[in-house]
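Visitor: My structure is in upload.cif, and what it holds is mmCIF, C-alpha atoms and all ligand atoms:
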data_structure
loop_
_atom_site.label_atom_id
_atom_site.label_comp_id
_atom_site.auth_asym_id
_atom_site.auth_seq_id
_atom_site.Cartn_x
_atom_site.Cartn_y
_atom_site.Cartn_z
CA MET A 30 18.64 11.85 11.08
CA THR A 31 16.49 8.79 10.61
CA VAL A 32 13.23 7.91 8.86
CA LEU A 33 10.96 5.78 11.05
CA VAL A 34 9.13 3.26 8.84
CA THR A 35 6.11 1.81 10.63
CA GLY A 36 4.95 -1.44 9.04
CA GLY A 37 8.29 -1.64 7.23
CA ALA A 38 8.30 -5.45 7.16
CA GLY A 39 5.16 -5.55 4.99
CA TYR A 40 4.65 -5.65 1.24
CA ILE A 41 4.95 -1.95 0.38
CA GLY A 42 7.22 -1.20 3.35
CA THR A 43 9.97 -3.61 2.25
CA HIS A 44 10.01 -2.22 -1.28
CA THR A 45 10.17 1.31 0.10
CA LEU A 46 13.08 0.39 2.39
CA VAL A 47 15.06 -0.72 -0.68
CA GLU A 48 14.51 2.71 -2.27
CA LEU A 49 15.25 4.61 0.95
CA ILE A 50 18.53 2.75 1.36
CA ALA A 51 19.45 3.34 -2.29
CA ALA A 52 18.94 7.04 -1.53
CA LYS A 53 21.34 6.71 1.46
CA LYS A 54 18.66 7.38 4.07
CA SER A 55 19.07 6.05 7.57
CA VAL A 56 16.01 3.97 8.49
CA LEU A 57 14.43 2.38 11.55
CA VAL A 58 11.55 -0.09 11.20
CA LEU A 59 8.76 -0.49 13.75
CA ASP A 60 6.61 -3.55 13.10
CA ASN A 61 4.62 -5.94 15.28
CA TYR A 62 4.76 -8.64 12.55
CA CYS A 63 0.99 -9.15 12.72
CA ASN A 64 1.00 -9.57 8.92
CA SER A 65 4.69 -10.14 8.17
CA SER A 66 7.86 -11.64 9.58
CA VAL A 67 11.46 -10.63 10.12
CA LYS A 68 12.35 -12.79 7.09
CA SER A 69 11.21 -10.05 4.72
CA LEU A 70 13.68 -7.64 6.31
CA LEU A 71 16.50 -10.18 5.93
CA LYS A 72 15.68 -10.23 2.23
CA VAL A 73 15.88 -6.43 2.12
CA THR A 74 19.37 -6.82 3.59
CA GLU A 75 20.21 -9.35 0.88
CA ILE A 76 19.18 -6.83 -1.80
CA THR A 77 20.78 -3.75 -0.27
CA GLY A 78 23.71 -5.12 1.72
CA VAL A 79 22.48 -3.06 4.68
CA LYS A 80 21.29 -4.55 7.97
CA ILE A 81 17.87 -3.08 8.75
CA PRO A 82 17.48 -1.79 12.29
CA VAL A 83 14.11 -2.97 13.56
CA ILE A 84 12.07 -2.67 16.71
CA GLU A 85 9.39 -5.28 17.25
CA GLY A 86 6.53 -3.26 18.67
CA ASP A 87 3.09 -1.80 18.15
CA ILE A 88 2.06 1.71 17.12
CA ASN A 89 -0.56 1.50 19.88
CA ASP A 90 2.19 1.11 22.50
CA LYS A 91 2.96 4.63 23.69
CA GLU A 92 5.87 3.57 25.86
CA CYS A 93 7.50 1.80 22.92
CA LEU A 94 7.05 4.93 20.77
CA ASN A 95 8.42 7.18 23.53
CA ASN A 96 11.52 4.98 23.75
CA ILE A 97 12.03 5.14 19.98
CA PHE A 98 11.83 8.93 19.89
CA THR A 99 14.06 9.29 22.95
CA GLN A 100 16.71 6.92 21.70
CA HIS A 101 16.78 7.84 18.00
CA ASP A 102 16.96 11.07 16.06
CA ILE A 103 13.75 10.57 14.04
CA GLU A 104 13.23 13.35 11.49
CA SER A 105 10.19 11.92 9.69
CA VAL A 106 7.83 8.96 9.63
CA ILE A 107 6.54 6.87 6.74
CA HIS A 108 3.46 5.27 8.24
CA PHE A 109 2.51 1.96 6.59
CA ALA A 110 1.44 0.06 9.72
CA GLY A 111 -2.19 -0.91 9.39
CA LEU A 112 -4.58 -3.77 8.77
CA LYS A 113 -5.86 -3.96 5.19
CA ALA A 114 -8.34 -6.80 4.66
CA VAL A 115 -11.70 -5.34 3.64
CA GLY A 116 -13.73 -8.49 4.48
CA GLU A 117 -12.12 -8.89 7.89
CA SER A 118 -12.81 -5.23 8.64
CA CYS A 119 -16.55 -5.88 8.18
CA GLU A 120 -16.39 -8.81 10.62
CA GLN A 121 -14.13 -7.10 13.18
CA PRO A 122 -14.58 -3.34 12.77
CA LEU A 123 -13.33 -2.49 16.25
CA LYS A 124 -10.02 -4.22 15.55
CA TYR A 125 -9.60 -2.04 12.46
CA TYR A 126 -10.53 1.22 14.17
CA GLN A 127 -8.27 0.40 17.13
CA ASN A 128 -5.30 -0.53 15.00
CA ASN A 129 -5.56 1.91 12.11
CA VAL A 130 -7.21 4.92 13.74
CA ALA A 131 -6.28 4.76 17.44
CA GLY A 132 -2.78 3.53 16.54
CA THR A 133 -2.24 6.53 14.27
CA LEU A 134 -3.53 8.90 16.96
CA THR A 135 -0.97 7.52 19.39
CA LEU A 136 1.78 7.76 16.81
CA CYS A 137 0.94 11.39 15.97
CA GLU A 138 0.67 12.33 19.63
CA VAL A 139 4.16 10.99 20.37
CA MET A 140 5.59 12.52 17.17
CA GLY A 141 4.25 15.93 18.23
CA LYS A 142 5.69 15.53 21.72
CA TYR A 143 9.18 15.06 20.23
CA ASN A 144 8.66 17.79 17.65
CA CYS A 145 8.83 15.35 14.75
CA LYS A 146 6.13 16.73 12.45
CA LYS A 147 6.72 15.17 9.05
CA ILE A 148 4.62 12.17 8.08
CA VAL A 149 3.85 10.27 4.88
CA PHE A 150 0.60 8.34 5.33
CA SER A 151 -0.59 5.26 3.38
CA SER A 152 -4.12 6.06 2.29
CA SER A 153 -6.04 4.35 -0.47
CA ALA A 154 -8.22 4.96 -3.50
CA THR A 155 -10.91 3.31 -1.39
CA VAL A 156 -11.61 6.80 0.07
CA TYR A 157 -13.24 7.73 -3.27
CA GLY A 158 -15.99 5.15 -2.69
CA ASP A 159 -17.86 4.47 -5.93
CA PRO A 160 -16.77 7.40 -8.12
CA THR A 161 -19.34 8.81 -10.52
CA THR A 162 -16.72 9.41 -13.24
CA VAL A 163 -13.14 8.49 -14.05
CA PRO A 164 -10.30 9.43 -14.00
CA ILE A 165 -10.38 10.34 -10.32
CA THR A 166 -8.75 13.59 -9.21
CA GLU A 167 -7.71 14.36 -5.65
CA SER A 168 -10.62 16.78 -5.27
CA PHE A 169 -13.31 14.13 -5.88
CA PRO A 170 -15.86 13.67 -3.06
CA LEU A 171 -14.80 11.20 -0.39
CA SER A 172 -16.88 8.32 0.94
CA THR A 173 -16.39 4.75 2.03
CA THR A 174 -18.24 1.47 1.93
CA ASN A 175 -16.54 -0.62 4.62
CA PRO A 176 -14.75 -0.20 7.99
CA TYR A 177 -11.29 -0.54 6.43
CA GLY A 178 -12.02 2.34 4.05
CA ALA A 179 -13.64 4.31 6.86
CA SER A 180 -10.48 3.89 8.97
CA LYS A 181 -8.38 5.38 6.14
CA LEU A 182 -10.77 8.31 5.67
CA MET A 183 -10.88 8.94 9.44
CA VAL A 184 -7.10 9.10 9.59
CA GLU A 185 -7.03 11.46 6.60
CA ASN A 186 -9.50 13.75 8.40
CA ILE A 187 -7.49 13.55 11.62
CA LEU A 188 -4.32 14.54 9.75
CA ARG A 189 -6.07 17.46 8.04
CA ASP A 190 -7.37 18.67 11.43
CA LEU A 191 -3.95 18.23 12.98
CA TYR A 192 -2.42 20.45 10.32
CA GLN A 193 -5.18 23.06 10.78
CA SER A 194 -4.38 23.17 14.49
CA ASP A 195 -0.62 23.43 13.99
CA ASN A 196 0.79 24.58 10.64
CA SER A 197 4.27 23.36 11.49
CA TRP A 198 3.20 19.81 10.52
CA ASN A 199 4.01 18.60 7.01
CA ILE A 200 1.82 15.74 5.86
CA ALA A 201 1.69 13.79 2.59
CA ILE A 202 -1.41 11.65 2.23
CA LEU A 203 -0.71 9.09 -0.51
CA ARG A 204 -3.79 7.49 -2.05
CA TYR A 205 -2.56 4.25 -3.61
CA PHE A 206 -4.54 2.67 -6.38
CA ASN A 207 -3.86 -1.11 -6.80
CA PRO A 208 -0.25 -2.04 -5.93
CA VAL A 209 1.00 -5.22 -7.63
CA GLY A 210 4.27 -6.85 -8.70
CA ALA A 211 7.48 -7.32 -6.80
CA HIS A 212 11.12 -6.28 -6.70
CA GLN A 213 13.00 -7.44 -9.81
CA SER A 214 15.31 -9.61 -7.70
CA GLY A 215 12.39 -11.90 -6.82
CA LEU A 216 13.53 -11.74 -3.19
CA ILE A 217 10.67 -9.64 -1.82
CA GLY A 218 7.02 -9.53 -2.80
CA GLU A 219 3.44 -9.85 -1.61
CA ASP A 220 2.91 -12.73 0.81
CA PRO A 221 -0.79 -12.99 1.67
CA ASN A 222 -1.90 -15.07 4.63
CA ASP A 223 -4.37 -17.72 3.67
CA ILE A 224 -6.53 -17.21 0.53
CA PRO A 225 -5.61 -13.95 -1.23
CA ASN A 226 -8.30 -11.25 -1.31
CA ASN A 227 -6.65 -9.34 -4.13
CA LEU A 228 -6.56 -10.22 -7.80
CA MET A 229 -2.83 -10.31 -8.59
CA PRO A 230 -1.71 -12.76 -5.87
CA PHE A 231 -4.71 -14.92 -6.73
CA ILE A 232 -3.61 -15.07 -10.37
CA THR A 233 -0.05 -16.02 -9.44
CA GLN A 234 -1.25 -18.68 -6.98
CA VAL A 235 -3.41 -20.25 -9.71
CA ALA A 236 -0.45 -20.18 -12.09
CA VAL A 237 1.84 -21.85 -9.56
CA GLY A 238 -0.76 -24.57 -8.94
CA LYS A 239 -1.79 -23.60 -5.41
CA ARG A 240 -5.36 -22.84 -6.53
CA GLU A 241 -7.37 -24.52 -9.24
CA PHE A 242 -8.91 -21.51 -10.95
CA LEU A 243 -9.53 -17.80 -10.62
CA SER A 244 -13.06 -16.60 -9.97
CA VAL A 245 -13.67 -13.51 -12.09
CA PHE A 246 -16.14 -11.55 -10.00
CA GLY A 247 -18.69 -10.51 -12.62
CA ASP A 248 -18.61 -9.92 -16.38
CA ASP A 249 -21.69 -7.70 -16.52
CA TYR A 250 -20.23 -4.38 -15.38
CA ASP A 251 -20.50 -1.37 -17.64
CA THR A 252 -16.82 -1.61 -18.64
CA LYS A 253 -14.90 -2.45 -21.82
CA ASP A 254 -15.35 -6.24 -21.42
CA GLY A 255 -17.78 -6.44 -18.50
CA SER A 256 -15.15 -7.25 -15.85
CA GLY A 257 -13.99 -4.77 -13.18
CA VAL A 258 -11.46 -2.12 -14.17
CA ARG A 259 -8.67 -0.90 -11.85
CA ASP A 260 -5.46 1.13 -11.93
CA TYR A 261 -2.68 -1.39 -11.18
CA ILE A 262 0.64 0.17 -10.17
CA HIS A 263 4.00 -1.57 -9.82
CA VAL A 264 5.05 -1.63 -6.16
CA VAL A 265 8.55 -0.36 -7.04
CA ASP A 266 7.05 2.73 -8.72
CA LEU A 267 4.87 3.19 -5.65
CA ALA A 268 7.89 2.88 -3.35
CA LYS A 269 9.71 5.56 -5.36
CA GLY A 270 6.69 7.84 -4.89
CA HIS A 271 7.30 7.70 -1.13
CA LEU A 272 10.81 9.05 -1.56
CA LYS A 273 9.49 11.92 -3.64
CA ALA A 274 6.82 12.65 -1.05
CA LEU A 275 9.40 12.59 1.73
CA GLY A 276 11.53 15.08 -0.19
CA LYS A 277 8.49 17.31 -0.71
CA LEU A 278 7.88 17.49 3.04
CA GLU A 279 11.13 19.47 3.34
CA LYS A 280 9.46 22.28 1.37
CA ASN A 281 6.73 23.08 3.92
CA ILE A 282 3.84 21.83 1.86
CA GLY A 283 1.30 21.64 4.68
CA CYS A 284 -1.13 18.73 4.37
CA VAL A 285 -1.52 17.49 0.79
CA GLU A 286 -3.19 14.47 -0.85
CA TYR A 287 -1.64 12.73 -3.88
CA ASN A 288 -3.03 9.97 -6.09
CA LEU A 289 -0.41 7.32 -6.80
CA GLY A 290 -1.53 5.32 -9.81
CA THR A 291 -0.66 4.97 -13.49
CA GLY A 292 -3.74 6.69 -14.90
CA SER A 293 -4.69 3.58 -16.93
CA GLY A 294 -7.65 1.32 -16.30
CA VAL A 295 -7.12 -2.42 -16.85
CA SER A 296 -9.89 -5.04 -16.65
CA VAL A 297 -9.71 -8.37 -14.82
CA LEU A 298 -9.83 -10.26 -18.12
CA GLU A 299 -7.04 -8.06 -19.51
CA MET A 300 -4.98 -8.85 -16.39
CA VAL A 301 -5.43 -12.58 -17.00
CA SER A 302 -4.48 -12.39 -20.66
CA ALA A 303 -1.49 -10.09 -19.95
CA PHE A 304 -0.24 -12.58 -17.34
CA GLU A 305 -0.64 -15.49 -19.76
CA SER A 306 1.10 -13.81 -22.65
CA VAL A 307 4.01 -12.35 -20.63
CA ASN A 308 4.73 -15.50 -18.64
CA GLY A 309 3.50 -18.28 -20.95
CA GLN A 310 1.42 -19.71 -18.08
CA LYS A 311 -2.27 -20.53 -18.31
CA VAL A 312 -4.62 -19.07 -15.71
CA PRO A 313 -7.87 -21.05 -15.77
CA TYR A 314 -10.80 -18.92 -14.70
CA LYS A 315 -14.57 -19.05 -14.22
CA ILE A 316 -16.95 -16.14 -14.32
CA THR A 317 -18.82 -15.94 -11.01
CA ASP A 318 -21.19 -13.50 -9.33
CA ARG A 319 -20.07 -9.97 -8.54
CA ARG A 320 -18.26 -9.59 -5.20
CA PRO A 321 -20.46 -7.57 -2.81
CA GLY A 322 -19.18 -4.02 -2.38
CA ASP A 323 -17.09 -4.02 -5.60
CA ILE A 324 -17.24 -1.08 -7.97
CA ALA A 325 -17.11 -1.24 -11.77
CA CYS A 326 -14.26 1.08 -12.56
CA CYS A 327 -11.57 3.07 -10.79
CA PHE A 328 -8.47 4.76 -12.14
CA ALA A 329 -6.48 7.82 -11.24
CA GLN A 330 -5.84 11.21 -12.72
CA THR A 331 -2.11 11.41 -11.99
CA ASP A 332 -1.20 14.93 -13.13
CA PHE A 333 -1.02 16.35 -9.63
CA ALA A 334 1.61 13.87 -8.40
CA GLU A 335 3.49 14.22 -11.69
CA ASN A 336 3.65 18.01 -11.41
CA GLU A 337 4.07 18.40 -7.67
CA LEU A 338 6.25 15.40 -6.82
CA ASN A 339 8.00 15.09 -10.16
CA TRP A 340 7.00 11.44 -10.03
CA LYS A 341 5.40 9.20 -12.62
CA ALA A 342 4.85 5.46 -12.66
CA GLU A 343 7.35 4.07 -15.17
CA LYS A 344 6.87 0.33 -15.17
CA SER A 345 4.55 -1.34 -17.67
CA LEU A 346 1.81 -3.90 -17.17
CA SER A 347 4.26 -6.48 -18.59
CA ASP A 348 6.79 -5.56 -15.87
CA MET A 349 4.08 -6.03 -13.23
CA MET A 350 3.20 -9.46 -14.63
CA ALA A 351 6.80 -10.64 -15.05
CA ASP A 352 7.90 -9.48 -11.58
CA ALA A 353 4.82 -10.85 -9.79
CA TRP A 354 5.44 -14.24 -11.42
CA ASN A 355 9.19 -14.17 -10.75
CA TRP A 356 8.46 -13.66 -7.02
CA GLN A 357 5.71 -16.31 -6.90
CA LYS A 358 7.58 -19.04 -8.77
CA ASN A 359 10.77 -18.54 -6.75
CA ASN A 360 8.83 -18.41 -3.48
CA PRO A 361 5.74 -20.59 -3.88
CA ASN A 362 5.11 -20.36 -0.15
CA GLY A 363 6.12 -16.73 0.26
CA TYR A 364 8.63 -16.14 3.08
CA GLU A 365 7.88 -19.54 4.72
P1 LIG B 401 1.13 -5.30 4.82
O1 LIG B 401 0.13 -5.97 5.68
O2 LIG B 401 2.00 -6.15 3.97
O3 LIG B 401 2.08 -4.36 5.71
C1 LIG B 401 1.61 -3.70 6.86
C2 LIG B 401 2.65 -3.91 7.94
O4 LIG B 401 2.21 -3.24 9.12
C3 LIG B 401 2.81 -5.39 8.32
O5 LIG B 401 4.19 -5.71 8.34
C4 LIG B 401 2.19 -5.49 9.71
O6 LIG B 401 2.80 -6.49 10.49
C5 LIG B 401 2.40 -4.08 10.23
N1 LIG B 401 1.46 -3.63 11.25
C6 LIG B 401 0.10 -3.65 11.21
N2 LIG B 401 -0.42 -3.13 12.32
C7 LIG B 401 0.62 -2.76 13.11
C8 LIG B 401 0.72 -2.14 14.37
N3 LIG B 401 -0.36 -1.86 15.09
N4 LIG B 401 1.94 -1.85 14.86
C9 LIG B 401 3.06 -2.17 14.15
N5 LIG B 401 3.02 -2.76 12.94
C10 LIG B 401 1.82 -3.04 12.42
O7 LIG B 401 0.34 -4.24 3.93
P2 LIG B 401 0.85 -3.36 2.70
O8 LIG B 401 0.17 -3.87 1.49
O9 LIG B 401 2.31 -3.22 2.72
O10 LIG B 401 0.15 -1.98 3.05
C11 LIG B 401 0.83 -0.94 3.73
C12 LIG B 401 -0.14 0.19 3.99
O11 LIG B 401 -0.68 0.63 2.75
C13 LIG B 401 -1.34 -0.20 4.86
O12 LIG B 401 -1.63 0.87 5.72
C14 LIG B 401 -2.46 -0.39 3.84
O13 LIG B 401 -3.72 -0.14 4.40
C15 LIG B 401 -2.10 0.64 2.80
N6 LIG B 401 -2.62 0.32 1.46
C16 LIG B 401 -2.34 -0.90 0.90
C17 LIG B 401 -2.87 -1.22 -0.34
C18 LIG B 401 -2.63 -2.56 -0.97
O14 LIG B 401 -3.40 -2.96 -1.83
N7 LIG B 401 -1.59 -3.30 -0.58
C19 LIG B 401 -3.63 -0.27 -1.04
C20 LIG B 401 -3.88 0.97 -0.45
C21 LIG B 401 -3.36 1.24 0.81
C1 LIG B 402 -9.41 -5.99 -8.28
C2 LIG B 402 -10.42 -6.46 -9.33
C3 LIG B 402 -12.33 -7.57 -8.38
C4 LIG B 402 -10.09 -11.03 -6.86
C5 LIG B 402 -8.94 -3.69 -2.74
C6 LIG B 402 -9.38 -2.87 -1.57
C7 LIG B 402 -8.78 -1.51 -1.62
C8 LIG B 402 -7.25 -1.57 -1.78
C9 LIG B 402 -6.84 -2.49 -2.87
C10 LIG B 402 -6.17 -1.31 0.32
C11 LIG B 402 -11.86 -6.21 -8.91
C12 LIG B 402 -11.52 -8.52 -9.21
C13 LIG B 402 -10.44 -9.83 -7.45
C14 LIG B 402 -10.54 -12.24 -7.44
C15 LIG B 402 -11.63 -10.98 -9.17
N1 LIG B 402 -6.62 -2.06 -0.61
N2 LIG B 402 -11.19 -9.81 -8.58
N3 LIG B 402 -11.29 -12.16 -8.59
O1 LIG B 402 -11.14 -4.46 -4.93
O2 LIG B 402 -9.85 -2.78 -6.30
O3 LIG B 402 -9.33 -3.03 -3.92
O4 LIG B 402 -7.50 -3.75 -2.72
O5 LIG B 402 -6.37 -0.15 0.46
O6 LIG B 402 -9.16 -0.87 -0.46
O7 LIG B 402 -10.80 -2.77 -1.60
O8 LIG B 402 -8.69 -4.84 -5.49
O9 LIG B 402 -7.37 -6.81 -6.13
O10 LIG B 402 -9.39 -7.12 -4.63
O11 LIG B 402 -9.74 -6.54 -7.02
O12 LIG B 402 -12.31 -10.97 -10.20
O13 LIG B 402 -10.28 -13.34 -6.94
O14 LIG B 402 -10.29 -7.88 -9.46
O15 LIG B 402 -13.68 -7.80 -8.53
O16 LIG B 402 -12.58 -5.91 -10.08
P1 LIG B 402 -9.88 -3.78 -5.21
P2 LIG B 402 -8.74 -6.39 -5.75
#
Please re-express this file's structure in structure tokens.
Guide:
Amino acid sequence: MTVLVTGGAGYIGTHTLVELIAAKKSVLVLDNYCNSSVKSLLKVTEITGVKIPVIEGDINDKECLNNIFTQHDIESVIHFAGLKAVGESCEQPLKYYQNNVAGTLTLCEVMGKYNCKKIVFSSSATVYGDPTTVPITESFPLSTTNPYGASKLMVENILRDLYQSDNSWNIAILRYFNPVGAHQSGLIGEDPNDIPNNLMPFITQVAVGKREFLSVFGDDYDTKDGSGVRDYIHVVDLAKGHLKALGKLEKNIGCVEYNLGTGSGVSVLEMVSAFESVNGQKVPYKITDRRPGDIACCFAQTDFAENELNWKAEKSLSDMMADAWNWQKNNPNGYE
């Protein structure tokens, strides 16, 4: 029995493969490498000693999916495959809806056909829009502010409808807060194309000398120091959450949403000073205008995942900083 990992060559997928293999799971990766390369999977092999079976293909390709389900005994799917750049999704919304929404429809249709009805889906805290209070529980109202977020919320709604229509599905919707850091080995990590959109890879690229300074997007928010506050979670903790969710699907849970975060809010300026003190590296920064569409503050209430999945983020902010830097300094150009 095998776990199909769509998007397994990506940032969160590679870290999850390491945990799946440690738990002796048989895995098969499906990835079209639109935002990754086979090199990341070779690094997973270096860490685990296990060659990763991979099919280069697209979740939109029904024939490819049919072949996978005919030729392999797939018992469940962890579905990471998706596009994730918020700005790009505003410029090319159709690309995002086609890839993230239509691709997931095709995947679910083929899964159903082969009676494989267990799926863990990568959702995002972006489905909470601009929350009126924090911490955010799973029952908060849902809304989105950009096509990327809308694609995640649409897939969530599709999965909830799918379960309503057929109770034999088991679906874990994981709402990630802000994944950062890297595997302790420094062999795998986040490898953004071009200029990073997210804070953590931007900080590490400034520290390694690839960028001159960090722009801190606003210091006039109603937060502890005026800069934006987020719930940063170590990617290895996040990966472990997927294993717990997969185990939970065995217990006929139905369709359930879980916040995966630490429950702590950290500001941009606190991120910079934590990075500097943990790694002894300066991160020059300038305060600039707010980034359009950004919210002031977002962090999770994590009790539900703790109680239901028996999972809790264990790594500290210092671990996140040390591991992100270890990856960046050993691989200044990512997997290149
Ligand atoms: P990533 O880009 O590193 O990994 C995604 C992988 O999916 C890549 O290897 C890419 O090549 C592959 N892929 C994309 N479209 C595909 C398709 N149509 N068919 C086959 N493969 C395809 O991103 P990540 O950070 O690892 O994110 C994984 C998932 O988690 C995504 O769905 C993302 O939206 C979601 N998520 C990420 C974050 C974050 O900040 N990283 C936060 C919340 C949710
Ligand atoms: C974090 C904080 C910025 C960059 C995005 C997506 C979300 C999810 C995670 C996938 C904010 C500030 C950032 C910089 C800065 N992705 N910042 N200078 O915005 O919480 O979420 O990634 O699902 O959908 O929207 O994360 O890392 O971009 O920003 O000051 O160069 O850092 O303003 O306060 P965000 P982020």
Visitor: I'd like a table as JSON lines: residues in region 140-205 of chain A with an atom no more than 12 Å from region 38-46 of chain A, each row giving the shortest atom pair and its distance in Å to one decimal, only C-alpha atoms counted, sorted by chain and rising residue number.
Guide:
{"residue": "A:Val149", "atom": "CA", "partner": "A:Thr45", "partner_atom": "CA", "distance": 12.0}
{"residue": "A:Phe150", "atom": "CA", "partner": "A:Gly42", "partner_atom": "CA", "distance": 11.8}
{"residue": "A:Ser151", "atom": "CA", "partner": "A:Ile41", "partner_atom": "CA", "distance": 9.6}
{"residue": "A:Tyr205", "atom": "CA", "partner": "A:Ile41", "partner_atom": "CA", "distance": 10.5}
Visitor: Write the residues of the selection above to a file with C-alpha atoms, as a PDB file, in the frame of the given file.
Guide:
ATOM      1  CA  VAL A 149       3.850  10.270   4.880  1.00  0.00           C
ATOM      2  CA  PHE A 150       0.600   8.340   5.330  1.00  0.00           C
ATOM      3  CA  SER A 151      -0.590   5.260   3.380  1.00  0.00           C
ATOM      4  CA  TYR A 205      -2.560   4.250  -3.610  1.00  0.00           C
TER       5      TYR A 205
END
Visitor: Rounded to one decimal place, report the atom O10 of ligand LIG 402 (chain B)-CA of Leu338 (chain A) distance in Å.
Guide: 27.5 Å
Visitor: Within 7 Å of ligand LIG 401 (chain B) (counting all atoms listed in the file), which residues show up? I'd like them as JSON, numbers by chain.
Guide: {"A": [35, 36, 37, 38, 39, 40, 41, 42, 59, 60, 61, 62, 63, 64, 65, 86, 87, 88, 89, 109, 110, 111, 112, 113, 128, 132, 151, 152, 153, 154, 204, 205, 206, 207, 208, 219]}
Visitor: Distance CA of Val56 (chain A)-CA of Leu275 (chain A), one decimal place?
Guide: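 Interatomic distance here is 12.8 Å.
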Visitor: Please find the residues contacting ligand LIG 402 (chain B) at a distance of at most 6 Å between atoms, with all atoms listed in the file counted, and report them as a count of residues only.
Guide: 19
Visitor: Give me, as a tab-separated table, the closest atom pair and its distance (Å, one decimal) for every residue of region 179-263 of chain A within a cut-off of 10 Å of region 102-107 of chain A, counting all atoms listed in the file, rows sorted by chain and rising number.
Guide:
residue	atom	partner	partner_atom	distance
A:Asn199	CA	A:Ser105	CA	9.5
A:Ile200	CA	A:Val106	CA	9.8
A:Ala201	CA	A:Ile107	CA	9.4
Visitor: Which value, in Å to one decimal, gives the distance between CA of Gly178 (chain A) and CA of Gly322 (chain A)?
Guide: 11.5 Å
Visitor: Between A:Trp198, A:Gly294, A:Val83, A:Ile97, which residue has the minimum interatomic distance to Leu71 (chain A), considering only C-alpha atoms?
Guide: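 Using only C-alpha atoms, the shortest distance to Leu71 (chain A) belongs to A:Val83.
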Visitor: Can you tell me, as number ranges by chain, what residues are no more than 8 Å from Lys273 (chain A) when counting all atoms listed in the file, ignoring any on the same chain fewer than 4 positions away?
Guide: A: 269, 277, 338-340
Visitor: If we count all atoms listed in the file, what is near Asn359 (chain A) at a cut-off of 10 Å, once residues fewer than 3 positions away on the same chain are taken out, given as a tab-separated table (two decimals) with C-alpha atoms, keeping the file's coordinate frame?
Guide:
chain	number	residue	atom	x	y	z
A	215	GLY	CA	12.39	-11.90	-6.82
A	216	LEU	CA	13.53	-11.74	-3.19
A	237	VAL	CA	1.84	-21.85	-9.56
A	354	TRP	CA	5.44	-14.24	-11.42
A	355	ASN	CA	9.19	-14.17	-10.75
A	356	TRP	CA	8.46	-13.66	-7.02
A	362	ASN	CA	5.11	-20.36	-0.15
A	363	GLY	CA	6.12	-16.73	0.26
Visitor: So which residues touch region 332-336 of chain A within 9 Å, counting all atoms listed in the file, skipping near sequence neighbours fewer than 5 positions away, as a list in words?
Guide: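 Here the answer would be Thr166, Glu167, Gly270, Glu286, Tyr287, Asn288, Leu289, Gly292, Lys341 and Ala342 of chain A.
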Visitor: Closest to Glu120 (chain A) among A:Ser180, A:Asn175, A:Ser347, A:Ser194, using all atoms listed in the file?
Guide: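 Checking each of A:Ser180, A:Asn175, A:Ser347, A:Ser194 against Glu120 (chain A), counting all atoms listed in the file, the winner is A:Asn175.
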